[in-house]
file protein22.txt (compact mmCIF, C-alpha atoms)
# COMPACT_ATOMS: atom_id res chain seq x y z
CA MET Z 1 -13.81 -14.62 21.74
CA LYS Z 2 -10.12 -13.92 21.27
CA GLN Z 3 -9.16 -13.23 17.66
CA THR Z 4 -6.04 -14.13 15.70
CA LEU Z 5 -4.32 -12.14 12.95
CA LEU Z 6 -1.76 -13.77 10.67
CA ILE Z 7 0.84 -11.48 9.08
CA ALA Z 8 2.26 -13.13 5.96
CA GLY Z 9 5.72 -11.69 5.44
CA GLY Z 10 5.70 -10.70 9.09
CA SER Z 11 9.46 -11.09 9.45
CA GLY Z 12 10.22 -8.64 6.61
CA VAL Z 13 11.04 -4.94 6.89
CA VAL Z 14 7.41 -3.81 6.68
CA GLY Z 15 5.87 -6.92 8.24
CA ARG Z 16 7.87 -6.52 11.44
CA GLN Z 17 6.66 -2.93 11.82
CA ILE Z 18 3.07 -4.00 11.17
CA ALA Z 19 3.40 -6.54 13.96
CA GLU Z 20 4.92 -4.04 16.39
CA LEU Z 21 2.36 -1.29 15.71
CA PHE Z 22 -0.57 -3.72 15.76
CA ALA Z 23 0.54 -5.37 19.00
CA GLU Z 24 0.97 -1.99 20.69
CA ARG Z 25 -2.58 -0.99 19.73
CA ASN Z 26 -4.26 -4.39 20.17
CA PRO Z 27 -2.32 -6.43 22.76
CA ALA Z 28 -5.20 -8.85 23.38
CA VAL Z 29 -5.23 -10.09 19.78
CA ARG Z 30 -3.22 -13.21 19.00
CA LEU Z 31 -0.52 -12.51 16.39
CA LEU Z 32 0.99 -15.11 14.09
CA ILE Z 33 4.22 -13.82 12.55
CA ALA Z 34 4.62 -15.88 9.38
CA GLY Z 35 7.66 -15.83 7.12
CA ARG Z 36 10.05 -17.95 5.07
CA SER Z 37 12.31 -18.44 8.11
CA ALA Z 38 10.64 -19.87 11.19
CA ASP Z 39 13.60 -18.84 13.36
CA LYS Z 40 13.41 -15.22 12.24
CA ALA Z 41 9.63 -15.13 12.69
CA GLN Z 42 9.90 -16.64 16.17
CA ALA Z 43 12.57 -14.13 17.18
CA ILE Z 44 10.24 -11.26 16.28
CA ALA Z 45 7.29 -12.92 18.02
CA ALA Z 46 9.31 -13.37 21.20
CA ARG Z 47 9.50 -9.59 21.60
CA LEU Z 48 5.73 -9.14 21.35
CA PRO Z 49 2.87 -9.98 23.73
CA ASN Z 50 0.61 -12.85 22.70
CA ALA Z 51 2.51 -13.74 19.49
CA ALA Z 52 4.01 -16.79 17.84
CA GLY Z 53 6.29 -17.23 14.84
CA LEU Z 54 5.92 -19.84 12.13
CA LYS Z 55 7.15 -20.73 8.67
CA LEU Z 56 4.90 -19.86 5.75
CA ASP Z 57 5.78 -20.35 2.10
CA VAL Z 58 3.49 -18.52 -0.34
CA LEU Z 59 4.76 -20.79 -3.11
CA ALA Z 60 3.46 -23.95 -1.39
CA ASN Z 61 0.34 -25.57 -2.86
CA ASP Z 62 -1.57 -24.64 0.30
CA PRO Z 63 0.39 -22.05 2.32
CA LEU Z 64 -2.05 -22.28 5.25
CA ALA Z 65 -2.03 -26.08 5.56
CA ASP Z 66 0.41 -26.20 8.48
CA VAL Z 67 -0.61 -23.07 10.42
CA GLY Z 68 -2.20 -25.17 13.16
CA GLU Z 69 -4.32 -22.38 14.66
CA HIS Z 70 -7.65 -20.80 13.83
CA VAL Z 71 -7.09 -17.55 11.92
CA ASP Z 72 -9.62 -14.70 11.83
CA GLY Z 73 -7.80 -12.41 9.40
CA ILE Z 74 -4.70 -12.26 7.21
CA VAL Z 75 -2.64 -9.27 6.15
CA VAL Z 76 -0.34 -10.05 3.22
CA ALA Z 77 2.93 -8.10 3.29
CA VAL Z 78 4.76 -10.27 0.75
CA ASN Z 79 4.20 -10.77 -2.96
CA ASP Z 80 1.72 -13.64 -3.40
CA HIS Z 81 3.21 -14.49 -6.81
CA HIS Z 82 0.84 -17.30 -7.80
CA ASP Z 83 -2.20 -16.37 -5.67
CA ARG Z 84 -1.87 -19.52 -3.60
CA LEU Z 85 -2.21 -17.70 -0.29
CA LEU Z 86 -5.24 -15.78 -1.58
CA LEU Z 87 -6.88 -19.01 -2.76
CA ALA Z 88 -6.17 -20.74 0.55
CA ALA Z 89 -7.79 -17.85 2.44
CA LEU Z 90 -10.82 -17.82 0.12
CA GLN Z 91 -11.34 -21.55 0.52
CA ARG Z 92 -11.37 -21.10 4.31
CA ALA Z 93 -13.45 -17.90 4.18
CA ILE Z 94 -10.75 -15.96 6.04
CA PRO Z 95 -10.88 -12.17 5.51
CA LEU Z 96 -7.69 -10.93 3.88
CA ALA Z 97 -6.00 -7.60 3.12
CA ASP Z 98 -3.20 -7.61 0.53
CA ILE Z 99 -0.78 -4.66 0.70
CA ALA Z 100 1.85 -6.08 -1.69
CA ARG Z 101 -0.06 -6.67 -4.96
CA TRP Z 102 1.08 -4.33 -7.72
CA THR Z 103 -1.22 -2.82 -10.36
CA ALA Z 104 -0.77 -5.50 -13.01
CA ARG Z 105 -2.00 -8.20 -10.61
CA LEU Z 106 -5.19 -6.58 -9.34
CA ASP Z 107 -7.31 -8.26 -12.02
CA ASP Z 108 -5.99 -11.67 -10.95
CA ALA Z 109 -7.26 -11.10 -7.42
CA ARG Z 110 -10.65 -9.89 -8.62
CA THR Z 111 -11.11 -12.91 -10.91
CA LEU Z 112 -10.04 -15.43 -8.26
CA THR Z 113 -12.28 -13.90 -5.60
CA GLN Z 114 -15.33 -13.95 -7.86
CA LYS Z 115 -14.69 -17.59 -8.75
CA HIS Z 116 -13.78 -19.12 -5.41
CA GLY Z 117 -15.45 -17.23 -2.61
CA ARG Z 118 -17.18 -14.20 -1.19
CA SER Z 119 -15.21 -13.58 2.01
CA PRO Z 120 -13.75 -10.06 2.34
CA VAL Z 121 -10.66 -9.33 0.24
CA VAL Z 122 -9.30 -5.80 0.67
CA LEU Z 123 -6.91 -4.79 -2.11
CA ALA Z 124 -4.78 -2.42 -0.06
CA SER Z 125 -1.65 -2.21 -2.20
CA GLY Z 126 -2.19 1.42 -3.13
CA TRP Z 127 0.51 3.82 -2.01
CA MET Z 128 1.46 3.16 1.60
CA ALA Z 129 -1.02 0.27 2.01
CA GLY Z 130 -3.97 2.49 1.16
CA ALA Z 131 -3.04 5.21 3.65
CA VAL Z 132 -3.05 7.85 0.91
CA ALA Z 133 -6.32 6.73 -0.68
CA THR Z 134 -8.13 6.66 2.68
CA THR Z 135 -6.84 10.15 3.43
CA ILE Z 136 -8.27 11.34 0.09
CA ALA Z 137 -11.64 9.71 0.76
CA SER Z 138 -11.74 11.21 4.25
CA MET Z 139 -10.90 14.74 3.07
CA LEU Z 140 -13.63 14.56 0.40
CA GLY Z 141 -16.24 13.70 3.02
CA GLY Z 142 -18.45 11.72 0.65
CA ALA Z 143 -18.03 14.03 -2.33
CA ARG Z 144 -16.67 12.70 -5.62
CA ALA Z 145 -13.63 14.46 -7.05
CA ARG Z 146 -13.32 15.22 -10.74
CA HIS Z 147 -9.63 14.50 -10.50
CA VAL Z 148 -7.01 13.70 -7.85
CA ASP Z 149 -3.25 14.28 -8.05
CA ILE Z 150 -0.83 12.47 -5.72
CA ASP Z 151 2.75 13.78 -5.83
CA ILE Z 152 5.40 11.80 -3.95
CA LEU Z 153 8.97 12.53 -2.89
CA PHE Z 154 10.79 9.20 -2.64
CA GLY Z 155 13.68 9.22 -0.17
CA MET Z 156 16.67 7.37 -1.63
CA ALA Z 157 18.09 6.77 1.86
CA ASP Z 158 14.84 5.35 3.20
CA LYS Z 159 14.44 1.83 4.52
CA SER Z 160 12.53 -0.49 2.22
CA GLY Z 161 11.70 -4.10 1.52
CA PRO Z 162 12.58 -5.81 -1.78
CA ASP Z 163 8.98 -5.60 -3.07
CA SER Z 164 8.95 -1.82 -2.63
CA VAL Z 165 10.73 -1.23 -5.95
CA LEU Z 166 8.50 -3.48 -8.08
CA GLY Z 167 6.54 -0.47 -9.29
CA PHE Z 168 9.68 0.98 -10.83
CA VAL Z 169 10.90 -2.17 -12.59
CA ASN Z 170 8.61 -1.75 -15.60
CA MET Z 171 8.89 2.02 -15.91
CA HIS Z 172 9.59 1.62 -19.63
CA GLN Z 173 6.01 0.42 -20.22
CA PRO Z 174 3.01 2.73 -20.73
CA PHE Z 175 0.00 2.27 -18.47
CA ALA Z 176 -3.69 3.17 -18.31
CA ILE Z 177 -5.16 5.95 -16.20
CA HIS Z 178 -8.53 7.63 -15.89
CA ASP Z 179 -8.35 11.32 -16.72
CA HIS Z 180 -11.54 13.17 -15.71
CA GLY Z 181 -13.57 10.04 -16.46
CA VAL Z 182 -11.81 9.09 -19.70
CA GLU Z 183 -9.41 6.15 -19.81
CA ARG Z 184 -6.19 6.74 -21.71
CA MET Z 185 -2.63 5.45 -21.92
CA VAL Z 186 0.30 7.49 -20.63
CA ARG Z 187 4.06 7.07 -20.66
CA SER Z 188 5.92 6.43 -17.43
CA LEU Z 189 7.97 9.41 -16.22
CA SER Z 190 6.05 11.80 -18.50
CA ASP Z 191 4.20 15.05 -17.71
CA GLY Z 192 6.79 16.39 -15.29
CA ARG Z 193 5.89 19.30 -13.03
CA LEU Z 194 7.47 21.08 -10.10
CA ARG Z 195 6.09 20.28 -6.65
CA HIS Z 196 6.91 21.70 -3.22
CA PHE Z 197 6.85 19.28 -0.29
CA PRO Z 198 6.22 19.68 3.48
CA SER Z 199 9.92 19.62 4.35
CA GLY Z 200 10.59 22.58 2.05
CA ASN Z 201 12.13 20.42 -0.68
CA SER Z 202 11.10 20.93 -4.29
CA ALA Z 203 11.33 18.37 -7.08
CA ARG Z 204 10.03 17.74 -10.58
CA VAL Z 205 7.62 14.82 -10.22
CA ARG Z 206 6.71 12.51 -13.11
CA ARG Z 207 4.03 9.90 -13.79
CA PHE Z 208 4.29 6.32 -12.63
CA SER Z 209 1.85 3.46 -12.17
CA THR Z 210 0.28 2.67 -8.81
CA PRO Z 211 -2.95 0.82 -7.93
CA ASP Z 212 -4.47 4.07 -6.60
CA GLN Z 213 -5.11 5.21 -10.17
CA GLN Z 214 -7.52 2.28 -10.52
CA SER Z 215 -8.90 1.93 -7.03
CA LEU Z 216 -9.87 5.57 -6.49
CA VAL Z 217 -12.02 5.38 -9.63
CA LEU Z 218 -13.43 1.88 -8.94
CA ALA Z 219 -14.33 2.91 -5.38
CA GLY Z 220 -16.22 5.96 -6.68
CA ILE Z 221 -13.92 8.45 -4.99
CA ALA Z 222 -12.78 10.25 -8.15
CA ASP Z 223 -13.40 10.34 -11.91
CA GLY Z 224 -9.65 10.26 -12.49
CA ALA Z 225 -6.34 10.12 -10.67
CA ALA Z 226 -2.69 10.75 -11.46
CA VAL Z 227 0.30 9.70 -9.36
CA ARG Z 228 3.70 11.29 -9.88
CA MET Z 229 6.97 10.80 -8.05
CA ALA Z 230 10.53 12.03 -7.85
CA PHE Z 231 13.60 10.70 -6.10
CA ASP Z 232 14.95 13.18 -3.58
CA SER Z 233 18.29 12.97 -5.43
CA PRO Z 234 18.08 15.09 -8.62
CA VAL Z 235 21.10 13.27 -10.05
CA ALA Z 236 19.57 9.82 -9.51
CA MET Z 237 16.24 10.98 -10.93
CA ALA Z 238 17.85 12.49 -14.03
CA ALA Z 239 19.81 9.29 -14.68
CA PHE Z 240 16.69 7.14 -14.23
CA VAL Z 241 14.64 9.31 -16.59
CA ALA Z 242 17.41 9.14 -19.20
CA LEU Z 243 17.60 5.33 -18.97
CA VAL Z 244 13.84 4.93 -19.35
CA ARG Z 245 13.39 7.44 -22.15
CA SER Z 246 16.32 6.09 -24.16
CA GLY Z 247 14.81 2.59 -24.15
CA LEU Z 248 17.84 1.12 -22.41
CA TRP Z 249 15.92 0.39 -19.22
CA GLY Z 250 13.62 -2.07 -20.99
CA LEU Z 251 16.61 -3.96 -22.42
CA ILE Z 252 18.01 -4.76 -18.98
CA PRO Z 253 16.79 -8.12 -17.56
CA ALA Z 254 13.99 -7.60 -15.02
CA ALA Z 255 15.91 -9.22 -12.16
CA LEU Z 256 18.85 -6.91 -12.75
CA ARG Z 257 16.54 -3.89 -12.94
CA GLN Z 258 15.14 -4.78 -9.52
CA SER Z 259 18.61 -5.28 -8.03
CA LEU Z 260 19.77 -1.92 -9.40
CA LEU Z 261 16.79 -0.18 -7.82
CA TYR Z 262 16.89 -1.93 -4.45
CA ASN Z 263 19.51 -0.18 -2.36
CA PRO Z 264 17.85 0.64 0.97
CA GLY Z 265 19.36 3.08 3.43
CA ASP Z 266 19.07 3.66 7.15
CA GLY Z 267 15.92 5.74 6.91
CA ALA Z 268 14.51 9.02 5.62
CA ALA Z 269 11.21 10.87 5.93
CA HIS Z 270 8.43 10.09 3.48
CA GLN Z 271 6.27 12.92 2.19
CA LEU Z 272 3.63 13.61 -0.40
CA VAL Z 273 1.11 16.21 -1.55
CA ILE Z 274 -2.52 15.57 -2.54
CA THR Z 275 -4.71 17.84 -4.68
CA ALA Z 276 -8.38 17.03 -5.29
CA GLU Z 277 -10.43 18.96 -7.86
CA LEU Z 278 -14.16 19.24 -7.27
CA ASP Z 279 -16.65 21.07 -9.46
CA ASP Z 280 -16.48 24.24 -7.42
CA LYS Z 281 -13.22 24.08 -5.46
CA SER Z 282 -9.86 22.40 -4.94
CA LEU Z 283 -8.78 20.67 -1.74
CA HIS Z 284 -5.18 20.15 -0.70
CA ALA Z 285 -3.47 17.90 1.81
CA THR Z 286 0.03 16.83 2.77
CA MET Z 287 1.26 13.66 4.46
CA HIS Z 288 4.61 13.41 6.18
CA ASP Z 289 6.03 10.44 8.08
CA ARG Z 290 9.33 11.23 9.75
CA LEU Z 291 9.96 7.49 10.22
CA GLY Z 292 9.77 6.83 6.48
CA GLN Z 293 7.80 4.91 3.91
CA THR Z 294 7.98 1.53 5.64
CA HIS Z 295 6.47 3.02 8.78
CA MET Z 296 3.67 4.76 6.84
CA THR Z 297 3.00 1.53 4.96
CA ALA Z 298 2.87 -0.41 8.22
CA ALA Z 299 0.48 2.15 9.70
CA GLY Z 300 -1.78 1.81 6.65
CA ALA Z 301 -1.68 -1.98 6.98
CA VAL Z 302 -2.59 -1.80 10.67
CA THR Z 303 -5.73 0.24 9.90
CA GLN Z 304 -6.79 -2.42 7.37
CA SER Z 305 -6.01 -5.23 9.83
CA GLU Z 306 -8.22 -3.58 12.42
CA ARG Z 307 -10.99 -3.33 9.80
CA LEU Z 308 -10.70 -7.03 9.00
CA LEU Z 309 -11.22 -7.97 12.65
CA GLY Z 310 -13.67 -5.19 13.55
CA LEU Z 311 -11.33 -3.83 16.22
CA ARG Z 312 -11.45 -0.41 17.89
CA GLY Z 313 -15.01 0.11 16.66
CA ARG Z 314 -14.15 -0.45 12.99
CA VAL Z 315 -16.79 -1.66 10.52
CA HIS Z 316 -15.96 -5.01 8.89
CA PRO Z 317 -15.30 -4.85 5.13
CA PRO Z 318 -18.01 -6.35 2.91
CA ALA Z 319 -17.74 -9.77 1.29
CA GLY Z 320 -15.84 -9.85 -1.98
CA ILE Z 321 -13.38 -7.32 -3.34
CA SER Z 322 -13.15 -3.86 -1.76
CA TYR Z 323 -10.58 -1.10 -1.30
CA PRO Z 324 -9.39 0.84 1.74
CA GLU Z 325 -10.92 4.07 0.44
CA SER Z 326 -14.37 2.46 0.16
CA ALA Z 327 -14.60 1.78 3.92
CA ALA Z 328 -17.86 2.83 5.52
CA ASP Z 329 -15.89 4.47 8.34
CA VAL Z 330 -12.95 5.83 6.34
CA VAL Z 331 -12.48 8.80 8.70
CA ALA Z 332 -11.33 6.29 11.32
CA ASP Z 333 -8.36 5.43 9.09
CA THR Z 334 -7.16 9.02 9.15
CA LEU Z 335 -7.50 9.23 12.91
CA SER Z 336 -5.59 5.97 13.35
CA LEU Z 337 -2.81 7.08 11.00
CA LYS Z 338 -2.37 10.24 13.05
CA GLU Z 339 -2.25 8.18 16.26
CA MET Z 340 0.61 6.20 14.73
CA GLY Z 341 2.63 9.29 13.89
CA VAL Z 342 1.65 10.22 10.32
CA GLU Z 343 1.48 14.00 10.11
CA MET Z 344 -1.21 15.58 7.92
CA THR Z 345 -2.30 19.05 6.93
CA ARG Z 346 -5.33 20.10 4.91
CA SER Z 347 -6.29 23.35 3.19
CA GLY Z 348 -8.84 24.64 0.73
CA PRO Z 349 -12.32 26.18 0.75
CA GLY Z 350 -14.15 24.92 3.78
CA GLY Z 351 -11.13 22.79 4.79
call {"tool": "encode", "arguments": {"input": "protein22.txt", "output": "structure tokens"}}
result
Amino acid sequence: MKQTLLIAGGSGVVGRQIAELFAERNPAVRLLIAGRSADKAQAIAARLPNAAGLKLDVLANDPLADVGEHVDGIVVAVNDHHDRLLLAALQRAIPLADIARWTARLDDARTLTQKHGRSPVVLASGWMAGAVATTIASMLGGARARHVDIDILFGMADKSGPDSVLGFVNMHQPFAIHDHGVERMVRSLSDGRLRHFPSGNSARVRRFSTPDQQSLVLAGIADGAAVRMAFDSPVAMAAFVALVRSGLWGLIPAALRQSLLYNPGDGAAHQLVITAELDDKSLHATMHDRLGQTHMTAAGAVTQSERLLGLRGRVHPPAGISYPESAADVVADTLSLKEMGVEMTRSGPGG
């Protein structure tokens, strides 16, 4: 039977790329491009095989009430501020993958899912829609790491959607991490260290909060995880660090903080370095997407969409909450990411 995937936020910067990549890989699947503007969604759908565009408002009491078609899976590429889309999917037992839910809102999704349903809900809002976490799980091959470090170089000229900067808005607030099995609080932009990246660039990366630091531990992949980032502009990074450390950043209204951060460019490569510590060795990997962070995010979302629908031989996610890195066939994510243009290298004993 023909399946249908609904992309909420499908007319946005990332959502459009999800639709294009997914349609190229799975042309027989019906695509519903859903966004705030029906005209914009329909214009995107018109360029794709077997697709339709429609209006979807995540702030409506029941965002799925007027969809008008059977839906087999939903990928959420827009911030579901009040969990109304999640609740609507749970009530209809529609499998869902959310790539736009920041760390502070993971508990909301877990609580709602436990209360209202047991259909699959994949929390895939880790860095690049879980692409990084699945790469870590794949490189470990079933082993559990004592600690994982993810170091990111953030291209200031890269394309991005408005939700992409939400993780930086509250940089003045401390956050919890697991450090070799022990939970502790850390300051944002602390613990700086120099990191060399695949392009040859070097930068001093500093701590910031991402869902990976929870999900890698909850999924049993690692006892602890740390994510650090740097802007590829040393001047911009130094100014940002100064604002946060002085306390001035927290005094600026949140909406203004987001507008100051959101200044997308025409595109830049996205790159990161992964280090995993095991009891007897360290493993290393790099990821490099020449088409930028929105493309890597879209590629990660496509792998989770294919999981939801069991496409290309993928194993369906279990009922209830799960994470991309806990997939039974996580190696397939890495292979799919490579097929979509994400470059990877690995090194280390036995690797």
call {"tool": "residues_around", "arguments": {"input": "protein22.txt", "residues": "Asp266 of chain Z", "least_positions_apart": "3", "cutoff": "10 Å", "atoms": "all atoms listed in the file", "output": "list in words"}}
result
Met156, Ala157, Asp158, Lys159, Ser160 and Gly292 of chain Z
call {"tool": "atom_distance", "arguments": {"input": "protein22.txt", "atom1": "atom CA of Arg92 of chain Z", "atom2": "atom CA of Gln114 of chain Z"}}
result
14.7 Å
call {"tool": "residues_near_point", "arguments": {"input": "protein22.txt", "point": "(-14.6, -6.1, 3.8)", "cutoff": "10 Å", "atoms": "all atoms listed in the file", "output": "PyMOL selection string"}}
result
chain Z and resi 95-97+118-123+304+307-310+315-324+326-328
call {"tool": "closest_atom_pairs", "arguments": {"input": "protein22.txt", "of": "segment 224-316 of chain Z", "to": "segment 25-31 of chain Z", "cutoff": "10 Å", "atoms": "only C-alpha atoms", "output": "Markdown table"}}
result
| residue | atom | partner | partner_atom | distance |
| --- | --- | --- | --- | --- |
| Z:Val302 | CA | Z:Arg25 | CA | 9.1 |
| Z:Glu306 | CA | Z:Asn26 | CA | 8.7 |
| Z:Leu309 | CA | Z:Val29 | CA | 9.6 |
| Z:Leu311 | CA | Z:Asn26 | CA | 8.1 |
| Z:Arg312 | CA | Z:Asn26 | CA | 8.5 |
call {"tool": "closest_residue", "arguments": {"input": "protein22.txt", "among": "Z:His172, Z:Arg314, Z:Arg290, Z:Lys55", "to": "Leu251 of chain Z", "atoms": "only C-alpha atoms"}}
result
Z:His172
call {"tool": "atom_distance", "arguments": {"input": "protein22.txt", "atom1": "atom CA of Ile252 of chain Z", "atom2": "atom CA of Phe231 of chain Z"}}
result
20.6 Å
call {"tool": "build_atoms", "arguments": {"input": "protein22.txt", "residues": "segment 29-46 of chain Z", "atoms": "N, CA and C atoms", "output": "PDB file, keeping the file's coordinate frame"}}
result
ATOM      1  N   VAL Z  29      -5.063  -9.287  20.988  1.00  0.00           N
ATOM      2  CA  VAL Z  29      -5.230 -10.090  19.780  1.00  0.00           C
ATOM      3  C   VAL Z  29      -4.018 -11.001  19.593  1.00  0.00           C
ATOM      4  N   ARG Z  30      -4.270 -12.240  19.275  1.00  0.00           N
ATOM      5  CA  ARG Z  30      -3.220 -13.210  19.000  1.00  0.00           C
ATOM      6  C   ARG Z  30      -2.576 -12.875  17.647  1.00  0.00           C
ATOM      7  N   LEU Z  31      -1.250 -12.803  17.627  1.00  0.00           N
ATOM      8  CA  LEU Z  31      -0.520 -12.510  16.390  1.00  0.00           C
ATOM      9  C   LEU Z  31       0.272 -13.725  15.958  1.00  0.00           C
ATOM     10  N   LEU Z  32       0.156 -14.080  14.679  1.00  0.00           N
ATOM     11  CA  LEU Z  32       0.990 -15.110  14.090  1.00  0.00           C
ATOM     12  C   LEU Z  32       1.918 -14.442  13.098  1.00  0.00           C
ATOM     13  N   ILE Z  33       3.205 -14.409  13.427  1.00  0.00           N
ATOM     14  CA  ILE Z  33       4.220 -13.820  12.550  1.00  0.00           C
ATOM     15  C   ILE Z  33       4.691 -14.928  11.612  1.00  0.00           C
ATOM     16  N   ALA Z  34       4.354 -14.806  10.329  1.00  0.00           N
ATOM     17  CA  ALA Z  34       4.620 -15.880   9.380  1.00  0.00           C
ATOM     18  C   ALA Z  34       5.613 -15.419   8.322  1.00  0.00           C
ATOM     19  N   GLY Z  35       6.664 -16.195   8.111  1.00  0.00           N
ATOM     20  CA  GLY Z  35       7.660 -15.830   7.120  1.00  0.00           C
ATOM     21  C   GLY Z  35       8.392 -17.053   6.591  1.00  0.00           C
ATOM     22  N   ARG Z  36       9.316 -16.835   5.667  1.00  0.00           N
ATOM     23  CA  ARG Z  36      10.050 -17.950   5.070  1.00  0.00           C
ATOM     24  C   ARG Z  36      10.970 -18.629   6.073  1.00  0.00           C
ATOM     25  N   SER Z  37      11.439 -17.873   7.078  1.00  0.00           N
ATOM     26  CA  SER Z  37      12.310 -18.440   8.110  1.00  0.00           C
ATOM     27  C   SER Z  37      11.553 -18.506   9.426  1.00  0.00           C
ATOM     28  N   ALA Z  38      11.330 -19.719   9.913  1.00  0.00           N
ATOM     29  CA  ALA Z  38      10.640 -19.870  11.190  1.00  0.00           C
ATOM     30  C   ALA Z  38      11.437 -19.244  12.325  1.00  0.00           C
ATOM     31  N   ASP Z  39      12.759 -19.384  12.291  1.00  0.00           N
ATOM     32  CA  ASP Z  39      13.600 -18.840  13.360  1.00  0.00           C
ATOM     33  C   ASP Z  39      13.476 -17.319  13.426  1.00  0.00           C
ATOM     34  N   LYS Z  40      13.522 -16.669  12.274  1.00  0.00           N
ATOM     35  CA  LYS Z  40      13.410 -15.220  12.240  1.00  0.00           C
ATOM     36  C   LYS Z  40      12.042 -14.761  12.711  1.00  0.00           C
ATOM     37  N   ALA Z  41      10.990 -15.473  12.269  1.00  0.00           N
ATOM     38  CA  ALA Z  41       9.630 -15.130  12.690  1.00  0.00           C
ATOM     39  C   ALA Z  41       9.463 -15.310  14.196  1.00  0.00           C
ATOM     40  N   GLN Z  42      10.020 -16.379  14.735  1.00  0.00           N
ATOM     41  CA  GLN Z  42       9.900 -16.640  16.170  1.00  0.00           C
ATOM     42  C   GLN Z  42      10.673 -15.617  16.992  1.00  0.00           C
ATOM     43  N   ALA Z  43      11.799 -15.151  16.465  1.00  0.00           N
ATOM     44  CA  ALA Z  43      12.570 -14.130  17.180  1.00  0.00           C
ATOM     45  C   ALA Z  43      11.789 -12.831  17.288  1.00  0.00           C
ATOM     46  N   ILE Z  44      11.072 -12.464  16.235  1.00  0.00           N
ATOM     47  CA  ILE Z  44      10.240 -11.260  16.280  1.00  0.00           C
ATOM     48  C   ILE Z  44       9.070 -11.459  17.229  1.00  0.00           C
ATOM     49  N   ALA Z  45       8.431 -12.632  17.152  1.00  0.00           N
ATOM     50  CA  ALA Z  45       7.290 -12.920  18.020  1.00  0.00           C
ATOM     51  C   ALA Z  45       7.658 -12.901  19.482  1.00  0.00           C
ATOM     52  N   ALA Z  46       8.880 -13.308  19.798  1.00  0.00           N
ATOM     53  CA  ALA Z  46       9.310 -13.370  21.200  1.00  0.00           C
ATOM     54  C   ALA Z  46       9.355 -11.996  21.844  1.00  0.00           C
TER      55      ALA Z  46
END
